[in-house]
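> What follows is a single structure, and I will ask about it in a moment.
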Amino acid sequence: MENVLRPLIVVGGSVVLTLLIGWAVDRVLRKADARHQESSLWGLLRRARVPFQLVLFAALLRGSYDQAKLLVEHRVGVGRTLTLILIGSAAWLVIRIATAIVETSYTRYANAHRDPARVRRVRTQVTLIQRVVSAIVAVVAVASMLLTFPAMRAAGASLLASAGILGIVAGVAAQSTLANLFAGLQIAFGDMVRLGDTVVVDGEWGTVEEITLTFLTVRTWDERRITMPVSYFTSKPFENWSRGTPQMTGIVFFHVDHSAPVEAMREQLRDILRECPAWDGRDYGLAVTDSTPNTMQVRALVTAKDADDIWTVRVTVRERMIRWLTDVHPYALPRVNTAEAILPAGWPNGRPHRPDHDDTDGAVTAPTTPHTPDPPRTGPGRG
């Protein structure tokens, strides 16, 4: 009877005690969350109740397993398994707590500052710090698990003895990985590119959607995802439209006929912008910037508060201006002249007629009237 009750009491007691302590801690966190609604820390900490209960159960069972007298012949294996579970759940708990603290700090900062650029910068830094902490905790947990095996302890001593050679080999083998890792840290704290920034890379316009320690994802306007190593942004030039103020100036070009009413187009541009909600009202303008033998280039300048709105303003101006020219001033649209040239009188065969020019072969003939010498003039110095 004792052989049955002892394991039941040990295992059952660990389970019951774990559930009771877990319920009590969750109840305290719930009350704290209701009392401090301005902070999300307590609500985020409740997400760690599962790893907390797992840590508690593994610790209680690991400490009392010898008293259970259960599977005595496998005592070492069971104890090592409980130790591995304890280490893994402890790492999980630490990551959840660190994530809750980081998320709370970011939320508090975002609520206190209204500058979108600074908020995106802090968001990028917080995300990468969270990933670094998770990676460090995971590496330490795996190393601790391996060190629980006696054979791995001896291997660890041998590895420490040859750490210099291994470091050189690992550095050469993982050169690109380490470069991306340091590039990710440089992006996070160098404020080069942030989550939500509008960038142009390799001719593609998009928004930075994800930044990790090794790669960066850009979501294009047509919902495609471009994934590239973060070292790209530290070694090659790229356009960041979100640096500084998000306000932007856009340009729309029109090719029109030389007879186009430029002043009327300037007034029409003003009317179009007044009816466009995306225009921020800062500035606008229209000027002739170039001229070719067939057309005249007109540039319309518009402004908007960010990259998305400048795109809307540009396409609106382009569409409505062309429609207005088509309906009101169709002669102002570019034309290709296919009619034959009308020559003025006195231009036979496309050349002006001269009395001393032979139109048949281009040779110059002698004048038809004799040359009469000028009469002598008298005056000072003449006889």
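Letters for chains follow the order of the structure tokens (A, B, ...), residue numbers begin at 1 for each chain, and ligand numbers begin at 1 in the order shown.
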Extract, using only C-alpha atoms, all DNA, RNA and protein residues at most 10 Å from Pro261 (chain A), discarding same-chain residues fewer than 2 positions from it, and format them as a list in words.

Val256, Asp257, His258, Ser259, Glu263, Ala264, Met265, Arg266, Leu325, His329, Tyr331 and Ala332 of chain A

> Kindly save the residues from that selection, with N, CA, C and O atoms included, as a CSV table (one decimal), in the first residue's frame.


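Output below, filename selection24.csv:
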```csv
chain,number,residue,atom,x,y,z
A,256,VAL,N,2.7,68.7,-74.1
A,256,VAL,CA,1.6,69.3,-74.8
A,256,VAL,C,2.1,70.0,-76.0
A,256,VAL,O,3.3,70.1,-76.2
A,257,ASP,N,1.2,70.5,-76.8
A,257,ASP,CA,1.5,71.2,-78.0
A,257,ASP,C,2.0,72.6,-77.6
A,257,ASP,O,1.7,73.1,-76.5
A,258,HIS,N,2.7,73.2,-78.5
A,258,HIS,CA,3.3,74.6,-78.2
A,258,HIS,C,2.2,75.6,-78.1
A,258,HIS,O,2.4,76.7,-77.4
A,259,SER,N,1.0,75.3,-78.6
A,259,SER,CA,-0.1,76.3,-78.4
A,259,SER,C,-0.9,76.1,-77.1
A,259,SER,O,-2.0,76.7,-77.0
A,263,GLU,N,-1.2,79.4,-68.8
A,263,GLU,CA,-1.8,80.1,-67.7
A,263,GLU,C,-3.1,79.4,-67.3
A,263,GLU,O,-3.4,79.3,-66.1
A,264,ALA,N,-3.9,79.0,-68.3
A,264,ALA,CA,-5.1,78.3,-67.9
A,264,ALA,C,-4.8,76.9,-67.3
A,264,ALA,O,-5.6,76.5,-66.3
A,265,MET,N,-3.8,76.3,-67.7
A,265,MET,CA,-3.4,75.0,-67.0
A,265,MET,C,-3.0,75.3,-65.5
A,265,MET,O,-3.2,74.5,-64.6
A,266,ARG,N,-2.3,76.4,-65.3
A,266,ARG,CA,-1.9,76.8,-64.0
A,266,ARG,C,-3.1,77.0,-63.1
A,266,ARG,O,-3.2,76.5,-61.9
A,325,LEU,N,-7.8,68.9,-70.5
A,325,LEU,CA,-7.2,69.3,-71.8
A,325,LEU,C,-8.0,68.6,-73.0
A,325,LEU,O,-8.2,69.2,-74.0
A,329,HIS,N,-9.5,71.9,-74.2
A,329,HIS,CA,-8.5,72.4,-75.1
A,329,HIS,C,-7.8,71.2,-75.8
A,329,HIS,O,-6.7,70.9,-75.6
A,331,TYR,N,-6.8,71.0,-78.8
A,331,TYR,CA,-5.7,71.4,-79.6
A,331,TYR,C,-4.4,71.4,-78.9
A,331,TYR,O,-3.3,71.4,-79.5
A,332,ALA,N,-4.4,71.4,-77.5
A,332,ALA,CA,-3.2,71.5,-76.7
A,332,ALA,C,-2.5,70.2,-76.6
A,332,ALA,O,-1.4,70.1,-76.1
```

> Please provide as a VMD selection string all residues within 7 Å of Val200 (chain A), with the sequence filter that same-chain residues fewer than 4 positions apart are discarded (counting only C-alpha atoms).

chain A and resid 204 to 206 238 to 240

> Identify, on the basis of only C-alpha atoms, every residue whose closest approach to Gln297 (chain A) does not exceed 8 Å; exclude the query and any residue fewer than 6 positions from it along the same chain; express the result as a list in words.

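Those residues are Phe253, Phe254, His255, Val256, Val288, Thr289, Asp290 and Ser291 of chain A.
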
> Using only C-alpha atoms, which residue out of A:Arg27, A:Thr107, A:Pro51, A:Ile87 lies closest to Ser39 (chain A)?

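Between A:Arg27, A:Thr107, A:Pro51, A:Ile87, the residue approaching Ser39 (chain A) most closely is A:Thr107.
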
> For Pro229 (chain A), list every protein, DNA or RNA residue within 9 Å, evaluated using only C-alpha atoms, and leave out those in the same chain fewer than 2 positions away; present the list as JSON, numbers by chain.

{"A": [180, 183, 214, 215, 216, 217, 227, 231, 232, 233]}

> Please provide as a list of chain:residue names all residues within 8 Å of region 306-323 of chain A, with the sequence filter that same-chain residues fewer than 5 positions apart are discarded (counting only C-alpha atoms).

A:Thr198, A:Trp241, A:Pro246, A:Gln247, A:Met248, A:Thr249, A:Gly250, A:Ile251, A:Val252, A:Met265, A:Gln268, A:Leu269, A:Ile272, A:Leu273, A:Cys276, A:Ala278, A:Trp279

> With N, CA, C and O atoms retained, could you export that selection as an mmCIF file, in the first residue's frame?


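Output (out.cif):
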```
data_model
loop_
_atom_site.group_PDB
_atom_site.id
_atom_site.type_symbol
_atom_site.label_atom_id
_atom_site.label_comp_id
_atom_site.auth_asym_id
_atom_site.auth_seq_id
_atom_site.Cartn_x
_atom_site.Cartn_y
_atom_site.Cartn_z
ATOM 1 N N THR A 198 9.278 54.219 -45.467
ATOM 2 C CA THR A 198 9.067 54.054 -46.900
ATOM 3 C C THR A 198 10.413 54.152 -47.596
ATOM 4 O O THR A 198 11.088 55.177 -47.510
ATOM 5 N N TRP A 241 12.429 57.534 -47.722
ATOM 6 C CA TRP A 241 11.539 58.690 -47.821
ATOM 7 C C TRP A 241 10.994 59.127 -46.465
ATOM 8 O O TRP A 241 10.317 60.152 -46.380
ATOM 9 N N PRO A 246 8.130 63.646 -42.761
ATOM 10 C CA PRO A 246 7.490 62.802 -43.791
ATOM 11 C C PRO A 246 6.928 63.591 -44.955
ATOM 12 O O PRO A 246 6.468 62.993 -45.933
ATOM 13 N N GLN A 247 6.925 64.927 -44.894
ATOM 14 C CA GLN A 247 6.379 65.731 -45.983
ATOM 15 C C GLN A 247 7.206 65.539 -47.251
ATOM 16 O O GLN A 247 8.423 65.415 -47.199
ATOM 17 N N MET A 248 6.504 65.520 -48.392
ATOM 18 C CA MET A 248 7.168 65.254 -49.662
ATOM 19 C C MET A 248 6.658 66.198 -50.738
ATOM 20 O O MET A 248 5.547 66.732 -50.649
ATOM 21 N N THR A 249 7.507 66.394 -51.763
ATOM 22 C CA THR A 249 7.174 67.180 -52.937
ATOM 23 C C THR A 249 7.204 66.272 -54.147
ATOM 24 O O THR A 249 8.179 65.530 -54.346
ATOM 25 N N GLY A 250 6.150 66.298 -54.941
ATOM 26 C CA GLY A 250 6.051 65.440 -56.115
ATOM 27 C C GLY A 250 5.991 66.252 -57.395
ATOM 28 O O GLY A 250 5.658 67.449 -57.395
ATOM 29 N N ILE A 251 6.339 65.618 -58.512
ATOM 30 C CA ILE A 251 6.396 66.266 -59.819
ATOM 31 C C ILE A 251 5.576 65.445 -60.811
ATOM 32 O O ILE A 251 5.656 64.221 -60.823
ATOM 33 N N VAL A 252 4.798 66.150 -61.628
ATOM 34 C CA VAL A 252 4.022 65.532 -62.703
ATOM 35 C C VAL A 252 4.389 66.243 -64.003
ATOM 36 O O VAL A 252 4.295 67.472 -64.084
ATOM 37 N N MET A 265 -3.778 76.252 -67.651
ATOM 38 C CA MET A 265 -3.377 75.009 -66.987
ATOM 39 C C MET A 265 -2.961 75.282 -65.539
ATOM 40 O O MET A 265 -3.237 74.483 -64.642
ATOM 41 N N GLN A 268 -6.120 75.664 -63.621
ATOM 42 C CA GLN A 268 -6.779 74.374 -63.478
ATOM 43 C C GLN A 268 -6.070 73.510 -62.440
ATOM 44 O O GLN A 268 -6.726 72.782 -61.673
ATOM 45 N N LEU A 269 -4.747 73.571 -62.381
ATOM 46 C CA LEU A 269 -4.004 72.837 -61.358
ATOM 47 C C LEU A 269 -4.409 73.287 -59.960
ATOM 48 O O LEU A 269 -4.590 72.463 -59.054
ATOM 49 N N ILE A 272 -7.802 71.765 -59.208
ATOM 50 C CA ILE A 272 -7.714 70.323 -58.948
ATOM 51 C C ILE A 272 -7.205 70.059 -57.546
ATOM 52 O O ILE A 272 -7.730 69.202 -56.813
ATOM 53 N N LEU A 273 -6.174 70.784 -57.125
ATOM 54 C CA LEU A 273 -5.587 70.557 -55.806
ATOM 55 C C LEU A 273 -6.551 70.951 -54.689
ATOM 56 O O LEU A 273 -6.565 70.327 -53.625
ATOM 57 N N CYS A 276 -8.662 68.036 -53.971
ATOM 58 C CA CYS A 276 -7.959 66.786 -53.656
ATOM 59 C C CYS A 276 -7.652 66.751 -52.153
ATOM 60 O O CYS A 276 -6.849 67.557 -51.663
ATOM 61 N N ALA A 278 -5.844 64.781 -50.433
ATOM 62 C CA ALA A 278 -4.477 64.373 -50.104
ATOM 63 C C ALA A 278 -3.479 65.519 -50.191
ATOM 64 O O ALA A 278 -2.372 65.411 -49.652
ATOM 65 N N TRP A 279 -3.835 66.622 -50.849
ATOM 66 C CA TRP A 279 -2.926 67.778 -50.943
ATOM 67 C C TRP A 279 -2.899 68.492 -49.604
ATOM 68 O O TRP A 279 -3.939 68.782 -49.008
#
```

> Find the residue from A:Arg47, A:Arg335, A:Arg270, A:Arg121 that sits nearest to Ile187 (chain A); use only C-alpha atoms when measuring.

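Closest to Ile187 (chain A) of all the choices is A:Arg121.
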
> Between A:Leu44, A:Ser105, A:Ala100, A:Ile95, single out the one closest to Ile136 (chain A), counting only C-alpha atoms.

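Result for the nearest residue to Ile136 (chain A): A:Ile95.
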
> Grab the CA of Arg123 (chain A) to CA of Pro277 (chain A) distance for me, in Å with one decimal place.

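Separation of CA of Arg123 (chain A) and CA of Pro277 (chain A): 29.8 Å.
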